[in-house]
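**Student:** Before anything else, here's the structure in question.
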Amino acid sequence: MSGSLCGRDVLSIADLKAGELRSLLHTALRLKVEGHGQPLTGRTLALLFEKPSLRTRLSFEVAMRSLGGNCLYFSPQEVGLGVREPVKDVARVLERHVDCIAVRTFQQEKVEEMARYASVPVINALSDHEHPTQAMADLLTVLEAKGRLEGVTLAFVGDGNNVARSLCLGAAMCGLHFRIASPQGYELPADLVERARALARESGGSIALLRRPEEAVADADVVYTDVWTSMGQEGEAEARRRAFEGYTVDTGLLAMARPDAIFMHDLPAHRGEEVTDEVMEGPQSVVWQQAENKTHAIKALLLALLVGEGG
Ligand code: NVA
């Protein structure tokens, strides 16, 4: 399997084969525990971000630099992807200067267009559709905390958004039992669920779409939530607050999961909305470990895409 990922784009977590994803997670774990040299010396990564970012930018920059490479960050004001300049033009200028491009955008089509025109690997660093590097960090955290992925029950409480989509697909690829409870109108898209179910059939996992948070969380090994209003949806915040009433992960809800269940959140968290301060700060919360793990996951991904190691 080694080397097969070299030069590829990762626009969806499902651009990876299940075996590749599992292998990347084990590489990430090894890099975290054993450390590494600087195999990316002389390589450059461009980060094109149309939305704010703390963790993802931090993780890409720390990962790339600690592997010996360089990073160039372009802020939302500087990029103007498709506005100041066509995406395909940006792609062909960048590919002549850098070895890899990470794009954070409001539209999946933009990261796809970038990948079509750039000859170097393009990574989706969060779009309206997906957040593949987050799902890698999430699965790495579950693997670390539970010692396995197959058969682990993960309950996602909330919006069928970008984070939920990548996690659903990734969980399906790795044999988890993925349950999601969402209010009406905020469910995962049907085509994605169908795709995830096909992947789950291969891995022994399963996907359950539920309405009530209590049903999703019952005896789960992992309880996960994300914001009710994602970046770009600010105009819907009030309507979403109403729709998601009853979907807060509080100590009462978490107590319905297994006693050794962990709580996860991709952050930033809105305490008092999707999660309480008590749960965020409580003993079951692994959110800081999860945030750190994005760096280790991205290291494994960059190595696989740029030098063909460990994927
Ligand atoms: N669903 C959130 C994730 C942020 C990392 C958003 O898109 O804003």
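Going through the structure tokens in order, the chains are called A, B, and so on, while each chain numbers its residues from 1 and the ligands are numbered from 1 in the order shown.
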Go through the chains and note each residue within 10 Å of ligand 1, using only C-alpha atoms and all ligand atoms, then give the set as a PyMOL selection string.

**Tutor:** chain A and resi 51-56+104-106+125-131+134+159-165+225-234+265-269

**Student:** At most 12 Å is the cut-off: for each residue in stretch 11-88 of chain A with any atom that close to an atom of stretch 137-142 of chain A, write down the nearest atom pair and the distance in Å rounded to one decimal, counting only C-alpha atoms, chain first then increasing number, as CSV.

**Tutor:**
residue,atom,partner,partner_atom,distance
A:Ile13,CA,A:Leu139,CA,11.5
A:Leu21,CA,A:Leu139,CA,9.6
A:Arg22,CA,A:Leu139,CA,9.1
A:Ser23,CA,A:Leu140,CA,10.9
A:Leu24,CA,A:Leu140,CA,9.3
A:Leu25,CA,A:Leu140,CA,5.7
A:His26,CA,A:Leu140,CA,8.1
A:Thr27,CA,A:Leu140,CA,10.0
A:Ala28,CA,A:Leu140,CA,7.6
A:Leu29,CA,A:Leu140,CA,7.3
A:Arg30,CA,A:Leu140,CA,11.0
A:Leu31,CA,A:Leu140,CA,11.9
A:Lys32,CA,A:Leu140,CA,10.6
A:Arg55,CA,A:Ala137,CA,11.1
A:Thr56,CA,A:Ala137,CA,10.5
A:Ser59,CA,A:Ala137,CA,10.4

**Student:** Restricted to all heavy atoms, what would the selected residues look like written as a compact mmCIF listing (two decimals), in the first residue's frame?

**Tutor:**
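Written output follows (part_26.txt):
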# COMPACT_ATOMS: atom_id res chain seq x y z
N ILE A 13 -13.03 12.61 2.63
CA ILE A 13 -12.35 11.52 3.34
C ILE A 13 -12.46 10.23 2.52
O ILE A 13 -11.57 9.38 2.54
CB ILE A 13 -12.93 11.35 4.77
CG1 ILE A 13 -12.12 10.36 5.60
CG2 ILE A 13 -14.39 10.94 4.76
CD1 ILE A 13 -10.98 10.93 6.33
N LEU A 21 -6.88 4.81 4.76
CA LEU A 21 -7.23 5.62 5.93
C LEU A 21 -6.71 4.95 7.20
O LEU A 21 -6.08 5.60 8.05
CB LEU A 21 -8.75 5.81 5.98
CG LEU A 21 -9.30 6.51 7.22
CD1 LEU A 21 -8.69 7.89 7.41
CD2 LEU A 21 -10.84 6.62 7.15
N ARG A 22 -6.96 3.66 7.32
CA ARG A 22 -6.52 2.96 8.54
C ARG A 22 -5.00 2.99 8.66
O ARG A 22 -4.44 3.20 9.74
CB ARG A 22 -7.03 1.52 8.53
CG ARG A 22 -8.54 1.44 8.80
CD ARG A 22 -8.96 0.02 9.14
NE ARG A 22 -8.73 -0.87 8.01
CZ ARG A 22 -9.69 -1.24 7.16
NH1 ARG A 22 -10.92 -0.82 7.31
NH2 ARG A 22 -9.41 -2.05 6.17
N SER A 23 -4.33 2.84 7.54
CA SER A 23 -2.88 2.86 7.55
C SER A 23 -2.36 4.26 7.94
O SER A 23 -1.40 4.39 8.72
CB SER A 23 -2.39 2.42 6.17
OG SER A 23 -1.08 2.77 5.96
N LEU A 24 -3.02 5.32 7.45
CA LEU A 24 -2.62 6.69 7.82
C LEU A 24 -2.79 6.91 9.33
O LEU A 24 -1.96 7.57 9.96
CB LEU A 24 -3.48 7.71 7.07
CG LEU A 24 -3.13 7.95 5.60
CD1 LEU A 24 -4.19 8.83 4.94
CD2 LEU A 24 -1.76 8.63 5.48
N LEU A 25 -3.86 6.37 9.88
CA LEU A 25 -4.10 6.56 11.31
C LEU A 25 -3.02 5.87 12.14
O LEU A 25 -2.53 6.42 13.13
CB LEU A 25 -5.49 6.03 11.70
CG LEU A 25 -6.67 6.75 11.04
CD1 LEU A 25 -7.99 6.06 11.39
CD2 LEU A 25 -6.72 8.22 11.43
N HIS A 26 -2.61 4.70 11.69
CA HIS A 26 -1.55 3.99 12.42
C HIS A 26 -0.21 4.71 12.25
O HIS A 26 0.59 4.79 13.19
CB HIS A 26 -1.49 2.52 12.01
CG HIS A 26 -2.65 1.75 12.59
ND1 HIS A 26 -2.68 1.34 13.90
CD2 HIS A 26 -3.85 1.39 12.06
CE1 HIS A 26 -3.83 0.73 14.15
NE2 HIS A 26 -4.56 0.76 13.04
N THR A 27 0.03 5.28 11.07
CA THR A 27 1.25 6.07 10.87
C THR A 27 1.23 7.29 11.80
O THR A 27 2.24 7.62 12.43
CB THR A 27 1.36 6.54 9.41
OG1 THR A 27 1.37 5.40 8.56
CG2 THR A 27 2.63 7.35 9.17
N ALA A 28 0.07 7.95 11.87
CA ALA A 28 -0.05 9.14 12.72
C ALA A 28 0.27 8.80 14.18
O ALA A 28 1.00 9.53 14.86
CB ALA A 28 -1.45 9.73 12.60
N LEU A 29 -0.24 7.67 14.61
CA LEU A 29 0.00 7.22 15.99
C LEU A 29 1.50 6.97 16.21
O LEU A 29 2.07 7.36 17.23
CB LEU A 29 -0.80 5.93 16.21
CG LEU A 29 -1.30 5.62 17.59
CD1 LEU A 29 -2.03 6.79 18.23
CD2 LEU A 29 -2.26 4.41 17.52
N ARG A 30 2.12 6.35 15.22
CA ARG A 30 3.56 6.07 15.32
C ARG A 30 4.36 7.37 15.34
O ARG A 30 5.29 7.55 16.15
CB ARG A 30 3.99 5.18 14.14
CG ARG A 30 5.45 4.79 14.17
CD ARG A 30 5.81 3.79 13.08
NE ARG A 30 5.38 4.16 11.74
CZ ARG A 30 5.97 5.09 10.99
NH1 ARG A 30 7.02 5.75 11.44
NH2 ARG A 30 5.52 5.36 9.77
N LEU A 31 3.99 8.32 14.48
CA LEU A 31 4.71 9.60 14.44
C LEU A 31 4.58 10.32 15.78
O LEU A 31 5.52 10.93 16.27
CB LEU A 31 4.15 10.50 13.33
CG LEU A 31 4.34 10.01 11.89
CD1 LEU A 31 3.52 10.87 10.93
CD2 LEU A 31 5.82 10.04 11.50
N LYS A 32 3.37 10.22 16.37
CA LYS A 32 3.12 10.88 17.65
C LYS A 32 3.99 10.28 18.75
O LYS A 32 4.55 11.00 19.57
CB LYS A 32 1.63 10.75 18.00
CG LYS A 32 1.23 11.43 19.30
CD LYS A 32 -0.27 11.43 19.50
CE LYS A 32 -0.64 12.10 20.83
NZ LYS A 32 -2.10 12.17 21.02
N ARG A 55 -7.28 25.86 14.67
CA ARG A 55 -6.68 24.53 14.74
C ARG A 55 -6.16 24.02 13.41
O ARG A 55 -5.06 23.49 13.34
CB ARG A 55 -7.70 23.51 15.29
CG ARG A 55 -7.76 23.45 16.78
CD ARG A 55 -9.13 23.04 17.22
NE ARG A 55 -10.09 24.05 16.80
CZ ARG A 55 -10.33 25.18 17.50
NH1 ARG A 55 -9.71 25.40 18.62
NH2 ARG A 55 -11.19 26.09 17.05
N THR A 56 -6.96 24.14 12.36
CA THR A 56 -6.54 23.52 11.10
C THR A 56 -5.29 24.21 10.57
O THR A 56 -4.33 23.57 10.15
CB THR A 56 -7.70 23.54 10.09
OG1 THR A 56 -8.81 22.88 10.69
CG2 THR A 56 -7.34 22.81 8.81
N SER A 59 -2.37 23.26 12.80
CA SER A 59 -1.94 21.87 12.58
C SER A 59 -1.18 21.72 11.26
O SER A 59 -0.15 21.05 11.21
CB SER A 59 -3.13 20.92 12.58
OG SER A 59 -3.65 20.84 13.89

**Student:** Find the residues around stretch 270-283 of chain A up to 8 Å (only C-alpha atoms counted), leave out those fewer than 4 positions away in its own chain, and share them as a list of chain:residue names.

**Tutor:** A:Gly158, A:Thr225, A:Asp226, A:Val227, A:Trp228, A:Arg241, A:Tyr247, A:Thr248, A:Val249, A:Asp250, A:Thr251, A:Leu254, A:Phe263, A:Val287

**Student:** How would the residues just picked look written out with N, CA, C and O atoms as a CSV table (one decimal), in the first residue's frame?

**Tutor:**
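Below is the file part-v7.csv, written as the result:
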chain,number,residue,atom,x,y,z
A,158,GLY,N,-26.5,16.4,16.6
A,158,GLY,CA,-26.6,17.7,16.0
A,158,GLY,C,-26.8,17.7,14.5
A,158,GLY,O,-27.4,16.9,13.9
A,225,THR,N,-20.3,16.2,19.3
A,225,THR,CA,-21.2,17.3,18.8
A,225,THR,C,-20.4,18.4,18.1
A,225,THR,O,-19.1,18.4,18.3
A,226,ASP,N,-21.0,19.2,17.3
A,226,ASP,CA,-20.4,20.3,16.7
A,226,ASP,C,-21.4,21.5,16.7
A,226,ASP,O,-22.6,21.3,17.1
A,227,VAL,N,-21.0,22.7,16.3
A,227,VAL,CA,-21.8,23.9,16.4
A,227,VAL,C,-23.1,23.7,15.6
A,227,VAL,O,-23.2,22.9,14.7
A,228,TRP,N,-24.1,24.4,16.0
A,228,TRP,CA,-25.4,24.3,15.3
A,228,TRP,C,-25.4,25.2,14.0
A,228,TRP,O,-26.1,25.0,13.1
A,241,ARG,N,-31.0,27.9,16.4
A,241,ARG,CA,-31.1,27.8,17.8
A,241,ARG,C,-32.4,27.2,18.2
A,241,ARG,O,-32.5,26.3,19.1
A,247,TYR,N,-31.0,19.6,21.9
A,247,TYR,CA,-29.8,18.8,21.3
A,247,TYR,C,-28.5,19.2,22.0
A,247,TYR,O,-27.5,18.9,21.5
A,248,THR,N,-28.6,19.8,23.2
A,248,THR,CA,-27.4,20.2,23.9
A,248,THR,C,-26.8,18.9,24.6
A,248,THR,O,-27.6,18.2,25.3
A,249,VAL,N,-25.5,18.7,24.5
A,249,VAL,CA,-24.9,17.6,25.2
A,249,VAL,C,-24.6,18.2,26.6
A,249,VAL,O,-23.7,19.0,26.8
A,250,ASP,N,-25.4,17.7,27.6
A,250,ASP,CA,-25.1,18.1,29.0
A,250,ASP,C,-24.8,16.8,29.8
A,250,ASP,O,-24.8,15.7,29.2
A,251,THR,N,-24.6,17.0,31.1
A,251,THR,CA,-24.1,15.8,31.8
A,251,THR,C,-25.2,14.7,31.9
A,251,THR,O,-24.9,13.5,31.9
A,254,LEU,N,-25.0,12.9,28.5
A,254,LEU,CA,-23.7,12.1,28.5
A,254,LEU,C,-23.8,10.9,29.4
A,254,LEU,O,-23.2,9.8,29.1
A,263,PHE,N,-16.1,12.3,25.4
A,263,PHE,CA,-16.9,13.3,24.7
A,263,PHE,C,-15.9,14.0,23.7
A,263,PHE,O,-14.8,14.4,24.1
A,287,VAL,N,-11.3,16.7,24.2
A,287,VAL,CA,-11.3,17.7,23.1
A,287,VAL,C,-9.9,18.3,22.9
A,287,VAL,O,-9.5,18.6,21.7

**Student:** Please identify the strand (DSSP E or B) residues within stretch 184-290 of chain A (assignment by DSSP from backbone atoms) and present them as a PDB file with C-alpha atoms, in the first residue's frame.

**Tutor:**
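result00.pdb, freshly written:
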ATOM      1  CA  SER A 206     -23.302   0.574  10.491  1.00  0.00           C
ATOM      2  CA  ILE A 207     -25.063   3.930  10.095  1.00  0.00           C
ATOM      3  CA  ALA A 208     -28.209   4.907  12.001  1.00  0.00           C
ATOM      4  CA  LEU A 209     -30.175   8.109  11.396  1.00  0.00           C
ATOM      5  CA  LEU A 210     -32.177   9.040  14.464  1.00  0.00           C
ATOM      6  CA  VAL A 222     -18.169   8.171  22.012  1.00  0.00           C
ATOM      7  CA  VAL A 223     -20.456  11.208  22.137  1.00  0.00           C
ATOM      8  CA  TYR A 224     -19.652  13.897  19.576  1.00  0.00           C
ATOM      9  CA  THR A 225     -21.167  17.264  18.782  1.00  0.00           C
ATOM     10  CA  VAL A 249     -24.896  17.621  25.193  1.00  0.00           C
ATOM     11  CA  ILE A 262     -15.507   9.947  25.802  1.00  0.00           C
ATOM     12  CA  PHE A 263     -16.851  13.333  24.715  1.00  0.00           C
ATOM     13  CA  MET A 264     -15.544  14.899  21.507  1.00  0.00           C
ATOM     14  CA  HIS A 265     -15.977  18.250  19.723  1.00  0.00           C
ATOM     15  CA  ARG A 271     -20.855  26.548  25.483  1.00  0.00           C
ATOM     16  CA  VAL A 275     -22.564  21.581  24.768  1.00  0.00           C
ATOM     17  CA  SER A 285     -13.884  15.308  27.521  1.00  0.00           C
TER      18      SER A 285
END

**Student:** Which distance in Å separates atom CA of A:Leu188 and atom CA of A:Cys168, to one decimal?

**Tutor:**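 Going from atom CA of A:Leu188 over to atom CA of A:Cys168, I get 9.0 Å.
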
**Student:** Write out as a PDB file with N, CA, C and O atoms, in the first residue's frame the residues lying within 9 Å of A:Arg92, counting only C-alpha atoms and excluding same-chain residues fewer than 6 positions away.

**Tutor:**
ATOM      1  N   MET A 114      -9.826  23.583  -8.005  1.00  0.00           N
ATOM      2  CA  MET A 114      -8.395  23.724  -7.713  1.00  0.00           C
ATOM      3  C   MET A 114      -7.676  22.399  -8.011  1.00  0.00           C
ATOM      4  O   MET A 114      -6.607  22.377  -8.635  1.00  0.00           O
ATOM      5  N   TYR A 117      -7.182  21.621 -11.776  1.00  0.00           N
ATOM      6  CA  TYR A 117      -6.194  22.410 -12.512  1.00  0.00           C
ATOM      7  C   TYR A 117      -4.784  22.360 -11.938  1.00  0.00           C
ATOM      8  O   TYR A 117      -3.827  22.654 -12.650  1.00  0.00           O
ATOM      9  N   ALA A 118      -4.644  22.032 -10.651  1.00  0.00           N
ATOM     10  CA  ALA A 118      -3.303  21.997 -10.053  1.00  0.00           C
ATOM     11  C   ALA A 118      -2.743  20.588 -10.155  1.00  0.00           C
ATOM     12  O   ALA A 118      -3.432  19.616  -9.827  1.00  0.00           O
ATOM     13  N   SER A 119      -1.494  20.479 -10.605  1.00  0.00           N
ATOM     14  CA  SER A 119      -0.889  19.152 -10.740  1.00  0.00           C
ATOM     15  C   SER A 119      -0.385  18.628  -9.394  1.00  0.00           C
ATOM     16  O   SER A 119      -0.090  17.445  -9.266  1.00  0.00           O
TER      17      SER A 119
END
